[in-house]
2 protein chains.
Amino acid sequence: MIAADESTRSTETLNDVSEIAVLERLFPRLPASSAQLLGPGDDAAVVAAPDGRFVVTTDMMIQGPDFRLAWSTPHDLGWKAAATNLSDVAAMGARPTALVVAIAAPPSTPVSVLEGIADGLRECCEALAPGCGVVGGDLSASDALTLAVTAFGDLEGRDPVRRSGARVGDVVALAGRLGEAGLGLELLFRFGVDDGGVPDAERARAAKAQYPEQIAAQLTPVPPLECGPAAALAGATAMLDVSDGLAIDAGRIARASGVGINFVSGALGARVEVALGGGEDHGLLATFPPHVSLPDGFRALGVVTAAAGEVLVDGEPHTQGGWDPYRGWDGAAG
Amino acid sequence: MIAADESTRSTETLNDVSEIAVLERLFPRLPASSAQLLGPGDDAAVVAAPDGRFVVTTDMMIQGPDFRLAWSTPHDLGWKAAATNLSDVAAMGARPTALVVAIAAPPSTPVSVLEGIADGLRECCEALAPGCGVVGGDLSASDALTLAVTAFGDLEGRDPVRRSGARVGDVVALAGRLGEAGLGLELLFRFGVDDGGVPDAERARAAKAQYPEQIAAQLTPVPPLECGPAAALAGATAMLDVSDGLAIDAGRIARASGVGINFVSGALGARVEVALGGGEDHGLLATFPPHVSLPDGFRALGVVTAAAGEVLVDGEPHTQGGWDPYRGWDGAAG
């Protein structure tokens, strides 16, 4: 953490401090990118793309549908915004190199909230993707705190690992957690709300103390980013980031590849439906030719079959609903 | 425009249609990028960066502080979101190659609004940056319509043109409009509101009919993108996109380069204060060595002097306030 005179600064809001002064307080907290050729301060940044290509993904997180300030600290938000985007980069088999971050916040927001977000971005990059950093951004005003992150990666000469390359007989394997982030959200909705169902910071603290693993999996996911390039090097035929739940995301590989994905229930842990249905784990689901030794961090969950487009468990078709951003939000901001 | 059965589709909202169906309606309307190596549909896109580097800039536009739906059509929003980001790419001396676009919208938003945004993105790219297109994006739910655009460019082997290279004796030149976008906004605030000061679509239509040039400059700017690479090739020593007004943006070059910028009032048109103060024109302000023939589209406005960090008009220091996103918004959404 960077020292700051918290006694005088902790109460300042964005409305009290000029944009330039806010940026000057944020820059030293942001992670540095070793791919940065020209950083913040001009109209645009310049980033190295040594093999003549770059991987890019973007995602927006908005207070209300995507997070609640009663549950997530600013540090958590920065961490999760980085982690989820970097996971999409890793899922192509690429090494994350850089981020740009646009933040919109109400003028009444304490500057310390933005500092916390910057700290979370930095600590996530340092922990999960050393050398990846923030090369540019944008600050604007809004009613709801909004983070829009765009992440970049380097394929280091490799082909991207798409969703469409799985072949019958391949091993289906996962790196990362299974169902815990979904359980964490369920626990927050059950125990992290007041008697009227509104997200409540004090009750969330108690829930975090009781279920630290699951709630941390939801609020500050630790995706196995290094497993993405490792899977590509090992010859993965298809890969994606498990964001909407194992069954839904396996269905994406199945449809894109024109194959079936047959999970062995014994590999899915004690709660098979939790493992299949819980979203936001940000593990990496990949398929490998049968002769390949799985890279460190991956465990086999099943096999690729000829049942085109289908997800099966122990050979039986598995059906379940999908998450939709416009139907899954009740309009509450929290 | 792409044909659609408007009679059945015009009333559908995001809440009525699955995310996949919305994306299927948007994809054919989006501009294609000739730099796209792998497009939408996977965890991330892959974009060509032929000289081993890419230029990147990001910007967020939010209903309320940044636009009002009573004034801007969805097509206007898509156009402006593309134009303003591409202008930042051009201001580095780069050719725009690709965009990623994250959109958040209330579930009650008609799908046709997103289709209009996609049409605006496409028509702007086709008109101003042929070959530049959308390679990826994100769709999410929010209370306020929000567009987060990240734009990429190719320096084609050239050095980026920064803000810090202006030298005493250089010619200061501009490509693009001066003050008209700011006038357009002022006209909308004066004539495009109801008696209570609330943005009003019908009155805005009347204002647009009366002041088409200025209001179009505000709502659908046409930045001279091709002048960016041309300036770099001609040897521009500094360049930026004029987004906050000529005086403020000239001050940025002056401070970054440790020089003064002395404008000749006679070159600023009939309304000097409008030319110096109006924001959002998205022209390109550049400095060139004195022996250089200005590239097509640029006109001389003054010279670089030794008055470090200062902006002058006819040799007299010019002072004026700056735009701040947290102070310039009254909280009204419109």
# chains A, B, ... in the order shown; residues from 1 in each chain; ligands from 1
>>> closest_atom_pairs(of="chain A", to="chain B", cutoff="8 Å", atoms="only C-alpha atoms", output="JSON lines")
{"residue": "A:Leu14", "atom": "CA", "partner": "B:Tyr326", "partner_atom": "CA", "distance": 6.5}
{"residue": "A:Asn15", "atom": "CA", "partner": "B:Tyr326", "partner_atom": "CA", "distance": 5.5}
{"residue": "A:Ser18", "atom": "CA", "partner": "B:Asp324", "partner_atom": "CA", "distance": 6.9}
{"residue": "A:Glu19", "atom": "CA", "partner": "B:Asp324", "partner_atom": "CA", "distance": 6.3}
{"residue": "A:Asp42", "atom": "CA", "partner": "B:Arg162", "partner_atom": "CA", "distance": 6.5}
{"residue": "A:Asp43", "atom": "CA", "partner": "B:Asp88", "partner_atom": "CA", "distance": 5.1}
{"residue": "A:Ala44", "atom": "CA", "partner": "B:Thr57", "partner_atom": "CA", "distance": 4.6}
{"residue": "A:Ala45", "atom": "CA", "partner": "B:Val56", "partner_atom": "CA", "distance": 5.2}
{"residue": "A:Val46", "atom": "CA", "partner": "B:Val55", "partner_atom": "CA", "distance": 4.5}
{"residue": "A:Val47", "atom": "CA", "partner": "B:Phe54", "partner_atom": "CA", "distance": 5.4}
{"residue": "A:Ala48", "atom": "CA", "partner": "B:Arg53", "partner_atom": "CA", "distance": 4.4}
{"residue": "A:Ala49", "atom": "CA", "partner": "B:Gly52", "partner_atom": "CA", "distance": 4.6}
{"residue": "A:Pro50", "atom": "CA", "partner": "B:Gly52", "partner_atom": "CA", "distance": 4.9}
{"residue": "A:Asp51", "atom": "CA", "partner": "B:Gly52", "partner_atom": "CA", "distance": 6.3}
{"residue": "A:Gly52", "atom": "CA", "partner": "B:Ala49", "partner_atom": "CA", "distance": 4.6}
{"residue": "A:Arg53", "atom": "CA", "partner": "B:Ala48", "partner_atom": "CA", "distance": 4.4}
{"residue": "A:Phe54", "atom": "CA", "partner": "B:Val47", "partner_atom": "CA", "distance": 5.4}
{"residue": "A:Val55", "atom": "CA", "partner": "B:Val46", "partner_atom": "CA", "distance": 4.5}
{"residue": "A:Val56", "atom": "CA", "partner": "B:Ala45", "partner_atom": "CA", "distance": 5.3}
{"residue": "A:Thr57", "atom": "CA", "partner": "B:Ala44", "partner_atom": "CA", "distance": 4.6}
{"residue": "A:Thr58", "atom": "CA", "partner": "B:Gly137", "partner_atom": "CA", "distance": 6.0}
{"residue": "A:Asp59", "atom": "CA", "partner": "B:Asp138", "partner_atom": "CA", "distance": 5.6}
{"residue": "A:Met60", "atom": "CA", "partner": "B:Ala102", "partner_atom": "CA", "distance": 6.6}
{"residue": "A:Ile62", "atom": "CA", "partner": "B:Ser142", "partner_atom": "CA", "distance": 6.7}
{"residue": "A:Gly64", "atom": "CA", "partner": "B:Ser142", "partner_atom": "CA", "distance": 7.5}
{"residue": "A:Pro65", "atom": "CA", "partner": "B:Ala141", "partner_atom": "CA", "distance": 6.4}
{"residue": "A:Asp88", "atom": "CA", "partner": "B:Asp43", "partner_atom": "CA", "distance": 5.1}
{"residue": "A:Val89", "atom": "CA", "partner": "B:Ala44", "partner_atom": "CA", "distance": 6.2}
{"residue": "A:Ala91", "atom": "CA", "partner": "B:Asp43", "partner_atom": "CA", "distance": 6.6}
{"residue": "A:Met92", "atom": "CA", "partner": "B:Asp43", "partner_atom": "CA", "distance": 6.8}
{"residue": "A:Val100", "atom": "CA", "partner": "B:Thr58", "partner_atom": "CA", "distance": 6.9}
{"residue": "A:Val101", "atom": "CA", "partner": "B:Thr58", "partner_atom": "CA", "distance": 7.6}
{"residue": "A:Ala102", "atom": "CA", "partner": "B:Asp59", "partner_atom": "CA", "distance": 6.5}
{"residue": "A:Ile103", "atom": "CA", "partner": "B:Met60", "partner_atom": "CA", "distance": 8.0}
{"residue": "A:Ala104", "atom": "CA", "partner": "B:Met60", "partner_atom": "CA", "distance": 7.7}
{"residue": "A:Pro106", "atom": "CA", "partner": "B:Tyr326", "partner_atom": "CA", "distance": 7.7}
{"residue": "A:Pro107", "atom": "CA", "partner": "B:Tyr326", "partner_atom": "CA", "distance": 5.2}
{"residue": "A:Gly136", "atom": "CA", "partner": "B:Thr57", "partner_atom": "CA", "distance": 6.9}
{"residue": "A:Gly137", "atom": "CA", "partner": "B:Thr58", "partner_atom": "CA", "distance": 6.0}
{"residue": "A:Asp138", "atom": "CA", "partner": "B:Asp59", "partner_atom": "CA", "distance": 5.6}
{"residue": "A:Leu139", "atom": "CA", "partner": "B:Pro325", "partner_atom": "CA", "distance": 7.8}
{"residue": "A:Ser140", "atom": "CA", "partner": "B:Pro325", "partner_atom": "CA", "distance": 5.6}
{"residue": "A:Ala141", "atom": "CA", "partner": "B:Tyr326", "partner_atom": "CA", "distance": 5.7}
{"residue": "A:Ser142", "atom": "CA", "partner": "B:Ile62", "partner_atom": "CA", "distance": 6.7}
{"residue": "A:Asp143", "atom": "CA", "partner": "B:Gly331", "partner_atom": "CA", "distance": 8.0}
{"residue": "A:Ala148", "atom": "CA", "partner": "B:Ala148", "partner_atom": "CA", "distance": 6.6}
{"residue": "A:Thr150", "atom": "CA", "partner": "B:Thr150", "partner_atom": "CA", "distance": 7.3}
{"residue": "A:Pro160", "atom": "CA", "partner": "B:Val46", "partner_atom": "CA", "distance": 8.0}
{"residue": "A:Arg162", "atom": "CA", "partner": "B:Asp42", "partner_atom": "CA", "distance": 6.5}
{"residue": "A:Arg163", "atom": "CA", "partner": "B:Asp42", "partner_atom": "CA", "distance": 6.6}
{"residue": "A:Leu240", "atom": "CA", "partner": "B:Asp43", "partner_atom": "CA", "distance": 6.4}
{"residue": "A:Asp241", "atom": "CA", "partner": "B:Asp43", "partner_atom": "CA", "distance": 7.0}
{"residue": "A:Asp324", "atom": "CA", "partner": "B:Glu19", "partner_atom": "CA", "distance": 6.2}
{"residue": "A:Pro325", "atom": "CA", "partner": "B:Ser140", "partner_atom": "CA", "distance": 5.5}
{"residue": "A:Tyr326", "atom": "CA", "partner": "B:Pro107", "partner_atom": "CA", "distance": 5.1}
{"residue": "A:Arg327", "atom": "CA", "partner": "B:Asn15", "partner_atom": "CA", "distance": 6.3}
{"residue": "A:Trp329", "atom": "CA", "partner": "B:Ala141", "partner_atom": "CA", "distance": 7.6}
{"residue": "A:Gly331", "atom": "CA", "partner": "B:Asp143", "partner_atom": "CA", "distance": 7.9}
>>> residues_around(residues="Arg29 (chain A)", least_positions_apart="6", cutoff="10 Å", atoms="only C-alpha atoms", output="PyMOL selection string")
chain A and resi 1-2+115-123
>>> select_by_dssp(residues="region 63-138 of chain B", states="strand (DSSP E)", output="ChimeraX atom specification")
/B:95-105,133-138
>>> write_last_selection(atoms="N, CA, C and O atoms", output="PDB file, in the first residue's frame")
ATOM      1  N   ARG B  95      -3.121   5.240 -37.863  1.00  0.00           N
ATOM      2  CA  ARG B  95      -4.305   4.928 -38.651  1.00  0.00           C
ATOM      3  C   ARG B  95      -5.204   4.025 -37.812  1.00  0.00           C
ATOM      4  O   ARG B  95      -4.765   2.972 -37.352  1.00  0.00           O
ATOM      5  N   PRO B  96      -6.488   4.407 -37.596  1.00  0.00           N
ATOM      6  CA  PRO B  96      -7.386   3.569 -36.787  1.00  0.00           C
ATOM      7  C   PRO B  96      -7.631   2.213 -37.460  1.00  0.00           C
ATOM      8  O   PRO B  96      -7.854   2.149 -38.673  1.00  0.00           O
ATOM      9  N   THR B  97      -7.573   1.140 -36.658  1.00  0.00           N
ATOM     10  CA  THR B  97      -7.742  -0.197 -37.201  1.00  0.00           C
ATOM     11  C   THR B  97      -8.942  -0.936 -36.636  1.00  0.00           C
ATOM     12  O   THR B  97      -9.563  -1.735 -37.340  1.00  0.00           O
ATOM     13  N   ALA B  98      -9.261  -0.718 -35.361  1.00  0.00           N
ATOM     14  CA  ALA B  98     -10.300  -1.542 -34.738  1.00  0.00           C
ATOM     15  C   ALA B  98     -10.851  -0.864 -33.494  1.00  0.00           C
ATOM     16  O   ALA B  98     -10.229   0.040 -32.923  1.00  0.00           O
ATOM     17  N   LEU B  99     -12.050  -1.324 -33.102  1.00  0.00           N
ATOM     18  CA  LEU B  99     -12.712  -0.869 -31.880  1.00  0.00           C
ATOM     19  C   LEU B  99     -13.217  -2.077 -31.105  1.00  0.00           C
ATOM     20  O   LEU B  99     -13.581  -3.090 -31.720  1.00  0.00           O
ATOM     21  N   VAL B 100     -13.260  -1.982 -29.774  1.00  0.00           N
ATOM     22  CA  VAL B 100     -14.149  -2.842 -29.000  1.00  0.00           C
ATOM     23  C   VAL B 100     -15.143  -1.931 -28.294  1.00  0.00           C
ATOM     24  O   VAL B 100     -14.810  -0.809 -27.903  1.00  0.00           O
ATOM     25  N   VAL B 101     -16.391  -2.405 -28.163  1.00  0.00           N
ATOM     26  CA  VAL B 101     -17.486  -1.565 -27.690  1.00  0.00           C
ATOM     27  C   VAL B 101     -18.259  -2.296 -26.602  1.00  0.00           C
ATOM     28  O   VAL B 101     -18.828  -3.366 -26.857  1.00  0.00           O
ATOM     29  N   ALA B 102     -18.276  -1.751 -25.402  1.00  0.00           N
ATOM     30  CA  ALA B 102     -19.118  -2.284 -24.329  1.00  0.00           C
ATOM     31  C   ALA B 102     -20.317  -1.356 -24.167  1.00  0.00           C
ATOM     32  O   ALA B 102     -20.155  -0.138 -24.081  1.00  0.00           O
ATOM     33  N   ILE B 103     -21.512  -1.936 -24.161  1.00  0.00           N
ATOM     34  CA  ILE B 103     -22.736  -1.154 -24.011  1.00  0.00           C
ATOM     35  C   ILE B 103     -23.512  -1.684 -22.813  1.00  0.00           C
ATOM     36  O   ILE B 103     -23.712  -2.896 -22.691  1.00  0.00           O
ATOM     37  N   ALA B 104     -23.921  -0.782 -21.935  1.00  0.00           N
ATOM     38  CA  ALA B 104     -24.839  -1.155 -20.858  1.00  0.00           C
ATOM     39  C   ALA B 104     -26.119  -0.355 -21.052  1.00  0.00           C
ATOM     40  O   ALA B 104     -26.068   0.831 -21.374  1.00  0.00           O
ATOM     41  N   ALA B 105     -27.269  -1.015 -20.866  1.00  0.00           N
ATOM     42  CA  ALA B 105     -28.542  -0.348 -21.118  1.00  0.00           C
ATOM     43  C   ALA B 105     -29.606  -0.903 -20.189  1.00  0.00           C
ATOM     44  O   ALA B 105     -29.529  -2.058 -19.761  1.00  0.00           O
ATOM     45  N   GLY B 133     -13.009  -1.387 -37.873  1.00  0.00           N
ATOM     46  CA  GLY B 133     -14.287  -1.982 -37.495  1.00  0.00           C
ATOM     47  C   GLY B 133     -14.290  -2.491 -36.074  1.00  0.00           C
ATOM     48  O   GLY B 133     -13.291  -2.406 -35.363  1.00  0.00           O
ATOM     49  N   VAL B 134     -15.444  -3.024 -35.681  1.00  0.00           N
ATOM     50  CA  VAL B 134     -15.639  -3.519 -34.312  1.00  0.00           C
ATOM     51  C   VAL B 134     -15.245  -4.992 -34.253  1.00  0.00           C
ATOM     52  O   VAL B 134     -15.794  -5.804 -34.990  1.00  0.00           O
ATOM     53  N   VAL B 135     -14.292  -5.327 -33.373  1.00  0.00           N
ATOM     54  CA  VAL B 135     -13.805  -6.712 -33.282  1.00  0.00           C
ATOM     55  C   VAL B 135     -14.320  -7.441 -32.040  1.00  0.00           C
ATOM     56  O   VAL B 135     -14.124  -8.652 -31.918  1.00  0.00           O
ATOM     57  N   GLY B 136     -14.969  -6.722 -31.133  1.00  0.00           N
ATOM     58  CA  GLY B 136     -15.468  -7.384 -29.934  1.00  0.00           C
ATOM     59  C   GLY B 136     -16.259  -6.424 -29.085  1.00  0.00           C
ATOM     60  O   GLY B 136     -16.327  -5.229 -29.397  1.00  0.00           O
ATOM     61  N   GLY B 137     -16.861  -6.957 -28.014  1.00  0.00           N
ATOM     62  CA  GLY B 137     -17.650  -6.088 -27.162  1.00  0.00           C
ATOM     63  C   GLY B 137     -18.244  -6.809 -25.980  1.00  0.00           C
ATOM     64  O   GLY B 137     -17.871  -7.938 -25.661  1.00  0.00           O
ATOM     65  N   ASP B 138     -19.187  -6.120 -25.350  1.00  0.00           N
ATOM     66  CA  ASP B 138     -19.812  -6.630 -24.141  1.00  0.00           C
ATOM     67  C   ASP B 138     -21.159  -5.950 -24.024  1.00  0.00           C
ATOM     68  O   ASP B 138     -21.303  -4.778 -24.381  1.00  0.00           O
TER      69      ASP B 138
END
>>> atom_distance(atom1="CA of Gly165 (chain A)", atom2="CA of Pro224 (chain A)")
21.4 Å
>>> closest_residue(among="A:Gly258, A:Gly182, A:Gly235, A:Pro130", to="Ala308 (chain A)", atoms="only C-alpha atoms")
A:Gly258
>>> closest_residue(among="B:Glu12, B:Glu273, B:Asp195, B:Asp170", to="Leu294 (chain B)", atoms="only C-alpha atoms")
B:Asp170
>>> closest_residue(among="A:Ala300, A:Val198, A:Ala217, A:Ala127", to="Gly179 (chain A)", atoms="only C-alpha atoms")
A:Ala217
>>> atom_distance(atom1="CA of His75 (chain A)", atom2="CA of Pro221 (chain A)")
12.4 Å
>>> closest_residue(among="B:Arg167, B:Gly197, B:Trp71, B:Ser265", to="Ala306 (chain B)", atoms="only C-alpha atoms")
B:Arg167
>>> select_by_dssp(residues="region 164-296 of chain A", states="alpha helix (DSSP H)", output="ChimeraX atom specification")
/A:180-191,201-210,212-219,227-234,246-257,272-277
>>> atom_distance(atom1="CA of Ala238 (chain A)", atom2="CA of Ala286 (chain A)")
5.4 Å
